[in-house]
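Student: Just one file: model.txt, with compact mmCIF, N, CA and C atoms.
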# COMPACT_ATOMS: atom_id res chain seq x y z
N MET A 1 -2.71 23.30 -7.28
CA MET A 1 -2.21 22.13 -7.97
C MET A 1 -2.53 22.17 -9.47
N LYS A 2 -3.42 23.06 -9.89
CA LYS A 2 -3.79 23.13 -11.30
C LYS A 2 -2.59 23.41 -12.19
N ASP A 3 -1.61 24.15 -11.68
CA ASP A 3 -0.45 24.52 -12.47
C ASP A 3 0.58 23.40 -12.56
N ASN A 4 0.42 22.37 -11.75
CA ASN A 4 1.38 21.28 -11.73
C ASN A 4 0.63 19.97 -11.97
N PRO A 5 0.57 19.50 -13.23
CA PRO A 5 -0.20 18.30 -13.53
C PRO A 5 0.30 17.06 -12.79
N MET A 6 1.62 16.97 -12.57
CA MET A 6 2.14 15.80 -11.86
C MET A 6 1.61 15.78 -10.42
N MET A 7 1.70 16.90 -9.71
CA MET A 7 1.24 16.94 -8.32
C MET A 7 -0.28 16.74 -8.25
N SER A 8 -1.00 17.25 -9.22
CA SER A 8 -2.44 17.05 -9.27
C SER A 8 -2.77 15.57 -9.45
N ALA A 9 -2.05 14.89 -10.34
CA ALA A 9 -2.26 13.46 -10.56
C ALA A 9 -1.93 12.67 -9.31
N ILE A 10 -0.85 13.05 -8.62
CA ILE A 10 -0.47 12.36 -7.38
C ILE A 10 -1.53 12.56 -6.31
N GLN A 11 -2.01 13.77 -6.18
CA GLN A 11 -3.06 14.05 -5.19
C GLN A 11 -4.32 13.23 -5.50
N ASN A 12 -4.70 13.17 -6.76
CA ASN A 12 -5.87 12.38 -7.15
C ASN A 12 -5.64 10.90 -6.86
N GLN A 13 -4.42 10.42 -7.13
CA GLN A 13 -4.10 9.02 -6.87
C GLN A 13 -4.19 8.72 -5.38
N MET A 14 -3.69 9.61 -4.54
CA MET A 14 -3.74 9.38 -3.10
C MET A 14 -5.18 9.36 -2.59
N MET A 15 -6.03 10.21 -3.14
CA MET A 15 -7.45 10.18 -2.76
C MET A 15 -8.10 8.86 -3.17
N THR A 16 -7.74 8.37 -4.37
CA THR A 16 -8.26 7.08 -4.83
C THR A 16 -7.78 5.97 -3.91
N CYS A 17 -6.51 6.00 -3.55
CA CYS A 17 -5.95 4.98 -2.65
C CYS A 17 -6.70 4.97 -1.32
N GLU A 18 -6.94 6.13 -0.77
CA GLU A 18 -7.62 6.22 0.51
C GLU A 18 -9.04 5.65 0.43
N GLU A 19 -9.74 5.97 -0.65
CA GLU A 19 -11.11 5.45 -0.82
C GLU A 19 -11.11 3.92 -0.95
N ILE A 20 -10.19 3.39 -1.73
CA ILE A 20 -10.12 1.94 -1.93
C ILE A 20 -9.73 1.25 -0.63
N LEU A 21 -8.77 1.80 0.10
CA LEU A 21 -8.38 1.20 1.38
C LEU A 21 -9.56 1.16 2.35
N ALA A 22 -10.34 2.20 2.38
CA ALA A 22 -11.51 2.22 3.26
C ALA A 22 -12.52 1.15 2.84
N LYS A 23 -12.73 0.98 1.54
CA LYS A 23 -13.68 -0.02 1.05
C LYS A 23 -13.18 -1.44 1.28
N LYS A 24 -11.87 -1.66 1.18
CA LYS A 24 -11.31 -3.00 1.30
C LYS A 24 -10.81 -3.32 2.71
N PHE A 25 -11.10 -2.46 3.67
CA PHE A 25 -10.57 -2.64 5.02
C PHE A 25 -10.78 -4.05 5.55
N GLU A 26 -11.98 -4.59 5.36
CA GLU A 26 -12.28 -5.92 5.88
C GLU A 26 -11.49 -7.02 5.18
N ASP A 27 -10.95 -6.73 3.99
CA ASP A 27 -10.11 -7.71 3.29
C ASP A 27 -8.73 -7.83 3.94
N TYR A 28 -8.34 -6.82 4.71
CA TYR A 28 -7.02 -6.79 5.32
C TYR A 28 -7.05 -7.14 6.81
N GLY A 29 -8.09 -6.73 7.49
CA GLY A 29 -8.14 -6.96 8.92
C GLY A 29 -9.51 -6.63 9.47
N ASN A 30 -9.51 -6.29 10.76
CA ASN A 30 -10.75 -5.89 11.42
C ASN A 30 -10.41 -4.79 12.42
N HIS A 31 -11.40 -4.33 13.14
CA HIS A 31 -11.18 -3.19 14.04
C HIS A 31 -10.27 -3.55 15.22
N GLU A 32 -10.22 -4.82 15.60
CA GLU A 32 -9.32 -5.22 16.69
C GLU A 32 -7.89 -5.38 16.19
N ASP A 33 -7.75 -5.87 14.95
CA ASP A 33 -6.42 -6.09 14.37
C ASP A 33 -6.48 -5.75 12.88
N PRO A 34 -6.00 -4.56 12.52
CA PRO A 34 -6.10 -4.15 11.12
C PRO A 34 -5.27 -5.02 10.17
N TYR A 35 -4.38 -5.84 10.70
CA TYR A 35 -3.53 -6.71 9.88
C TYR A 35 -3.91 -8.18 10.04
N TRP A 36 -5.11 -8.43 10.52
CA TRP A 36 -5.55 -9.78 10.89
C TRP A 36 -5.27 -10.80 9.80
N HIS A 37 -5.68 -10.54 8.57
CA HIS A 37 -5.49 -11.50 7.49
C HIS A 37 -4.01 -11.73 7.19
N PHE A 38 -3.22 -10.69 7.24
CA PHE A 38 -1.77 -10.84 7.03
C PHE A 38 -1.16 -11.67 8.16
N ASN A 39 -1.59 -11.43 9.38
CA ASN A 39 -1.07 -12.17 10.53
C ASN A 39 -1.45 -13.64 10.47
N ARG A 40 -2.71 -13.94 10.09
CA ARG A 40 -3.13 -15.34 10.01
C ARG A 40 -2.38 -16.06 8.90
N ALA A 41 -2.24 -15.39 7.74
CA ALA A 41 -1.50 -16.01 6.64
C ALA A 41 -0.04 -16.23 7.05
N ALA A 42 0.52 -15.29 7.78
CA ALA A 42 1.90 -15.44 8.25
C ALA A 42 2.04 -16.67 9.14
N ASP A 43 1.07 -16.86 10.03
CA ASP A 43 1.10 -18.05 10.89
C ASP A 43 1.04 -19.33 10.05
N LEU A 44 0.13 -19.35 9.09
CA LEU A 44 -0.04 -20.55 8.25
C LEU A 44 1.21 -20.85 7.43
N LEU A 45 1.85 -19.81 6.93
CA LEU A 45 2.99 -19.98 6.03
C LEU A 45 4.34 -19.92 6.73
N GLU A 46 4.30 -19.71 8.06
CA GLU A 46 5.51 -19.56 8.85
C GLU A 46 6.41 -18.47 8.28
N GLN A 47 5.79 -17.32 8.05
CA GLN A 47 6.48 -16.14 7.56
C GLN A 47 6.07 -14.97 8.45
N THR A 48 6.69 -13.83 8.19
CA THR A 48 6.26 -12.62 8.87
C THR A 48 5.09 -12.02 8.09
N PRO A 49 4.25 -11.21 8.75
CA PRO A 49 3.19 -10.53 8.02
C PRO A 49 3.74 -9.67 6.87
N GLU A 50 4.91 -9.11 7.09
CA GLU A 50 5.54 -8.30 6.05
C GLU A 50 5.88 -9.15 4.82
N GLN A 51 6.34 -10.37 5.04
CA GLN A 51 6.64 -11.26 3.92
C GLN A 51 5.37 -11.62 3.15
N VAL A 52 4.30 -11.89 3.87
CA VAL A 52 3.02 -12.20 3.23
C VAL A 52 2.58 -11.01 2.38
N LEU A 53 2.65 -9.82 2.95
CA LEU A 53 2.25 -8.63 2.22
C LEU A 53 3.11 -8.46 0.96
N MET A 54 4.40 -8.65 1.07
CA MET A 54 5.29 -8.47 -0.08
C MET A 54 5.02 -9.51 -1.16
N THR A 55 4.61 -10.70 -0.78
CA THR A 55 4.23 -11.70 -1.77
C THR A 55 3.02 -11.22 -2.56
N LEU A 56 2.03 -10.70 -1.86
CA LEU A 56 0.84 -10.17 -2.54
C LEU A 56 1.20 -8.95 -3.39
N PHE A 57 2.05 -8.09 -2.87
CA PHE A 57 2.50 -6.91 -3.61
C PHE A 57 3.22 -7.31 -4.89
N SER A 58 4.04 -8.36 -4.81
CA SER A 58 4.84 -8.76 -5.97
C SER A 58 3.96 -9.17 -7.15
N LYS A 59 2.78 -9.70 -6.87
CA LYS A 59 1.85 -10.05 -7.94
C LYS A 59 1.47 -8.79 -8.73
N HIS A 60 1.18 -7.71 -8.02
CA HIS A 60 0.82 -6.47 -8.69
C HIS A 60 2.02 -5.85 -9.39
N LEU A 61 3.16 -5.91 -8.75
CA LEU A 61 4.38 -5.35 -9.35
C LEU A 61 4.74 -6.09 -10.64
N THR A 62 4.61 -7.40 -10.63
CA THR A 62 4.89 -8.19 -11.82
C THR A 62 3.97 -7.79 -12.96
N CYS A 63 2.72 -7.60 -12.68
CA CYS A 63 1.76 -7.18 -13.69
C CYS A 63 2.12 -5.79 -14.23
N ILE A 64 2.48 -4.87 -13.35
CA ILE A 64 2.85 -3.51 -13.77
C ILE A 64 4.10 -3.55 -14.65
N VAL A 65 5.08 -4.36 -14.28
CA VAL A 65 6.30 -4.48 -15.08
C VAL A 65 5.96 -4.99 -16.48
N GLU A 66 5.10 -5.98 -16.56
CA GLU A 66 4.69 -6.50 -17.86
C GLU A 66 3.91 -5.45 -18.66
N MET A 67 3.03 -4.71 -18.01
CA MET A 67 2.27 -3.67 -18.69
C MET A 67 3.19 -2.56 -19.20
N ALA A 68 4.24 -2.26 -18.45
CA ALA A 68 5.16 -1.18 -18.82
C ALA A 68 5.95 -1.52 -20.09
N LYS A 69 6.05 -2.79 -20.42
CA LYS A 69 6.77 -3.18 -21.64
C LYS A 69 6.04 -2.70 -22.89
N ASN A 70 4.73 -2.55 -22.78
CA ASN A 70 3.92 -2.05 -23.89
C ASN A 70 2.78 -1.21 -23.29
N PRO A 71 3.09 0.00 -22.80
CA PRO A 71 2.14 0.78 -22.01
C PRO A 71 0.83 1.11 -22.71
N GLY A 72 0.84 1.21 -24.02
CA GLY A 72 -0.39 1.53 -24.73
C GLY A 72 -1.33 0.36 -24.91
N ALA A 73 -0.87 -0.86 -24.63
CA ALA A 73 -1.69 -2.05 -24.83
C ALA A 73 -2.74 -2.24 -23.74
N SER A 74 -2.54 -1.63 -22.59
CA SER A 74 -3.50 -1.77 -21.48
C SER A 74 -4.32 -0.50 -21.35
N ALA A 75 -5.60 -0.68 -21.10
CA ALA A 75 -6.49 0.46 -20.92
C ALA A 75 -6.15 1.20 -19.63
N TYR A 76 -6.43 2.49 -19.61
CA TYR A 76 -6.13 3.31 -18.43
C TYR A 76 -6.76 2.76 -17.15
N PRO A 77 -8.02 2.29 -17.17
CA PRO A 77 -8.58 1.74 -15.92
C PRO A 77 -7.78 0.56 -15.36
N ARG A 78 -7.21 -0.26 -16.24
CA ARG A 78 -6.39 -1.38 -15.76
C ARG A 78 -5.12 -0.86 -15.10
N TRP A 79 -4.48 0.15 -15.72
CA TRP A 79 -3.32 0.79 -15.09
C TRP A 79 -3.70 1.31 -13.71
N GLN A 80 -4.80 2.03 -13.62
CA GLN A 80 -5.22 2.62 -12.35
C GLN A 80 -5.44 1.55 -11.29
N GLU A 81 -6.08 0.46 -11.69
CA GLU A 81 -6.35 -0.62 -10.74
C GLU A 81 -5.05 -1.21 -10.20
N LYS A 82 -4.14 -1.54 -11.09
CA LYS A 82 -2.89 -2.19 -10.67
C LYS A 82 -2.00 -1.23 -9.87
N LEU A 83 -1.90 0.03 -10.33
CA LEU A 83 -1.09 1.01 -9.61
C LEU A 83 -1.68 1.30 -8.23
N THR A 84 -2.99 1.45 -8.16
CA THR A 84 -3.64 1.72 -6.88
C THR A 84 -3.42 0.58 -5.91
N ASP A 85 -3.60 -0.66 -6.38
CA ASP A 85 -3.38 -1.81 -5.50
C ASP A 85 -1.94 -1.87 -5.01
N ALA A 86 -0.98 -1.62 -5.91
CA ALA A 86 0.44 -1.66 -5.51
C ALA A 86 0.76 -0.58 -4.50
N ILE A 87 0.29 0.62 -4.75
CA ILE A 87 0.51 1.73 -3.81
C ILE A 87 -0.11 1.40 -2.46
N ASN A 88 -1.32 0.84 -2.49
CA ASN A 88 -1.99 0.52 -1.23
C ASN A 88 -1.24 -0.54 -0.44
N TYR A 89 -0.67 -1.53 -1.12
CA TYR A 89 0.13 -2.51 -0.39
C TYR A 89 1.35 -1.86 0.25
N LEU A 90 1.96 -0.90 -0.42
CA LEU A 90 3.10 -0.20 0.18
C LEU A 90 2.65 0.67 1.35
N LEU A 91 1.48 1.27 1.26
CA LEU A 91 0.95 2.06 2.37
C LEU A 91 0.64 1.17 3.57
N ILE A 92 0.08 -0.01 3.32
CA ILE A 92 -0.19 -0.95 4.41
C ILE A 92 1.12 -1.42 5.02
N LEU A 93 2.12 -1.70 4.20
CA LEU A 93 3.44 -2.10 4.71
C LEU A 93 4.03 -0.99 5.57
N SER A 94 3.92 0.24 5.11
CA SER A 94 4.42 1.37 5.91
C SER A 94 3.73 1.42 7.26
N SER A 95 2.43 1.23 7.26
CA SER A 95 1.67 1.23 8.52
C SER A 95 2.08 0.06 9.41
N MET A 96 2.27 -1.09 8.81
CA MET A 96 2.65 -2.29 9.54
C MET A 96 4.02 -2.12 10.20
N VAL A 97 4.98 -1.60 9.45
CA VAL A 97 6.33 -1.37 9.98
C VAL A 97 6.30 -0.29 11.06
N SER A 98 5.53 0.75 10.81
CA SER A 98 5.39 1.82 11.79
C SER A 98 4.83 1.28 13.11
N ALA A 99 3.83 0.42 13.02
CA ALA A 99 3.25 -0.17 14.22
C ALA A 99 4.25 -1.08 14.93
N ARG A 100 5.02 -1.83 14.16
CA ARG A 100 6.01 -2.74 14.76
C ARG A 100 7.04 -1.97 15.58
N TYR A 101 7.44 -0.80 15.08
CA TYR A 101 8.45 0.01 15.75
C TYR A 101 7.85 1.09 16.65
N ASN A 102 6.52 1.12 16.73
CA ASN A 102 5.84 2.16 17.50
C ASN A 102 6.38 3.54 17.10
N ALA A 103 6.49 3.73 15.79
CA ALA A 103 7.08 4.94 15.23
C ALA A 103 6.09 6.10 15.23
N PRO A 104 6.60 7.31 15.11
CA PRO A 104 5.71 8.48 15.10
C PRO A 104 4.79 8.45 13.90
N GLN A 105 3.57 8.94 14.09
CA GLN A 105 2.58 8.99 13.02
C GLN A 105 2.43 10.38 12.44
N ASP A 106 2.92 11.38 13.15
CA ASP A 106 2.80 12.76 12.70
C ASP A 106 3.73 12.99 11.51
N PRO A 107 3.20 13.48 10.38
CA PRO A 107 4.05 13.69 9.20
C PRO A 107 5.26 14.58 9.48
N GLY A 108 5.10 15.60 10.30
CA GLY A 108 6.22 16.46 10.63
C GLY A 108 7.33 15.70 11.33
N GLU A 109 6.95 14.83 12.28
CA GLU A 109 7.94 14.02 12.99
C GLU A 109 8.63 13.04 12.04
N ILE A 110 7.85 12.44 11.15
CA ILE A 110 8.42 11.48 10.20
C ILE A 110 9.43 12.17 9.32
N ILE A 111 9.09 13.33 8.81
CA ILE A 111 10.00 14.08 7.94
C ILE A 111 11.25 14.48 8.71
N ASP A 112 11.09 14.91 9.97
CA ASP A 112 12.25 15.26 10.79
C ASP A 112 13.18 14.06 10.98
N HIS A 113 12.60 12.87 11.28
CA HIS A 113 13.41 11.66 11.44
C HIS A 113 14.15 11.32 10.16
N MET A 114 13.46 11.44 9.03
CA MET A 114 14.09 11.14 7.74
C MET A 114 15.21 12.14 7.45
N ALA A 115 14.99 13.40 7.77
CA ALA A 115 16.02 14.41 7.52
C ALA A 115 17.27 14.16 8.36
N ARG A 116 17.07 13.59 9.57
CA ARG A 116 18.20 13.28 10.44
C ARG A 116 18.83 11.93 10.11
N GLY A 117 18.24 11.21 9.16
CA GLY A 117 18.78 9.91 8.77
C GLY A 117 18.48 8.81 9.77
N GLU A 118 17.43 8.98 10.52
CA GLU A 118 17.07 7.96 11.54
C GLU A 118 16.16 6.90 10.95
Give the structure from the file, written as structure tokens.
Tutor:
Amino acid sequence: MKDNPMMSAIQNQMMTCEEILAKKFEDYGNHEDPYWHFNRAADLLEQTPEQVLMTLFSKHLTCIVEMAKNPGASAYPRWQEKLTDAINYLLILSSMVSARYNAPQDPGEIIDHMARGE
């Protein structure tokens, strides 16, 4: 990856995402229900857990859009924080949707399904 700075940055970002998700696990759920907080909020708001998650995601996306208008005005750590949180919400959504459909978890199977347009 040393020869490809973009792929190196993506790999580093994914490692950061994984570490943060592990640290914040209890903020999202528990060992019995990894989506517990999303599910409870969905019940309270009469929405789906996916809608609750997207509402939280939109807060980060809005911030990123505003930061992108003047990218040099925000310090790199702030960019990292907002981008990591947004990516993590999309990863949680992917997991949530996958669980809802009992979809394959193996990356090879996922890629095969995507290649077939399923």
Student: Please, what distance in Å, to one decimal, runs between CA of Ala103 in chain A and atom C of Thr16 in chain A?
Tutor: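 Between CA of Ala103 in chain A and atom C of Thr16 in chain A the gap is 24.3 Å.
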Student: Quote the spacing between CA of His31 in chain A and CA of Thr48 in chain A in Å to one decimal place.
Tutor: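 Taking CA of His31 in chain A as the start and CA of Thr48 in chain A as the end point, the length is 20.5 Å.
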Student: Mind giving me the straight-line distance from atom C of Ile92 in chain A to atom C of Tyr35 in chain A in Å, one decimal?
Tutor: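 It comes out at 9.8 Å.
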Student: Nearest to Asp33 in chain A: which of A:Cys63, A:Gly108, A:Ala115, A:Met96 is it, counting only C-alpha atoms?
Tutor: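 Among A:Cys63, A:Gly108, A:Ala115, A:Met96, it is A:Met96 that comes nearest to Asp33 in chain A.
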Student: Quick one: DSSP alpha helix (DSSP H) residues in range 17-69 of chain A, as a PyMOL selection string?
Tutor: chain A and resi 17-23+25-28+36-45+49-68
Student: Using the file's own x, y and z axes, what box holds all listed atoms of range 16-33 of chain A with 3 Å on each side, keeping edges along x, y and z, and what are its centre and edge lengths in Å to one decimal, as JSON?
Tutor:
{"center_x": -9.8, "center_y": 0.3, "center_z": 5.9, "size_x": 13.7, "size_y": 22.2, "size_z": 27.5}
Student: Pick the closest to Asn88 in chain A from A:Leu53, A:Cys17, A:Leu61, A:Ile110: which is it, counting all atoms listed in the file?
Tutor: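 Between A:Leu53, A:Cys17, A:Leu61, A:Ile110, the residue approaching Asn88 in chain A most closely is A:Cys17.
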Student: When you count only N, CA and C atoms, which of these residues is closest to Ile20 in chain A: A:Ser8, A:Glu32, A:Thr84, A:Glu50?
Tutor: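 Ranked by minimum distance to Ile20 in chain A, first place goes to A:Thr84.
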Student: Would you pick out the contacts of Ala41 in chain A at 12 Å or less, using only C-alpha atoms, so that residues sharing its chain but fewer than 4 positions from it are not included, and give the list as a list of chain:residue names?
Tutor: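 Non-adjacent residues within range: A:Tyr28, A:Gly29, A:Tyr35, A:Trp36, A:His37, A:Leu45, A:Glu46, A:Gln47, A:Thr48, A:Pro49, A:Glu50, A:Gln51, A:Val52, A:Leu53, A:Thr55, A:Leu56.
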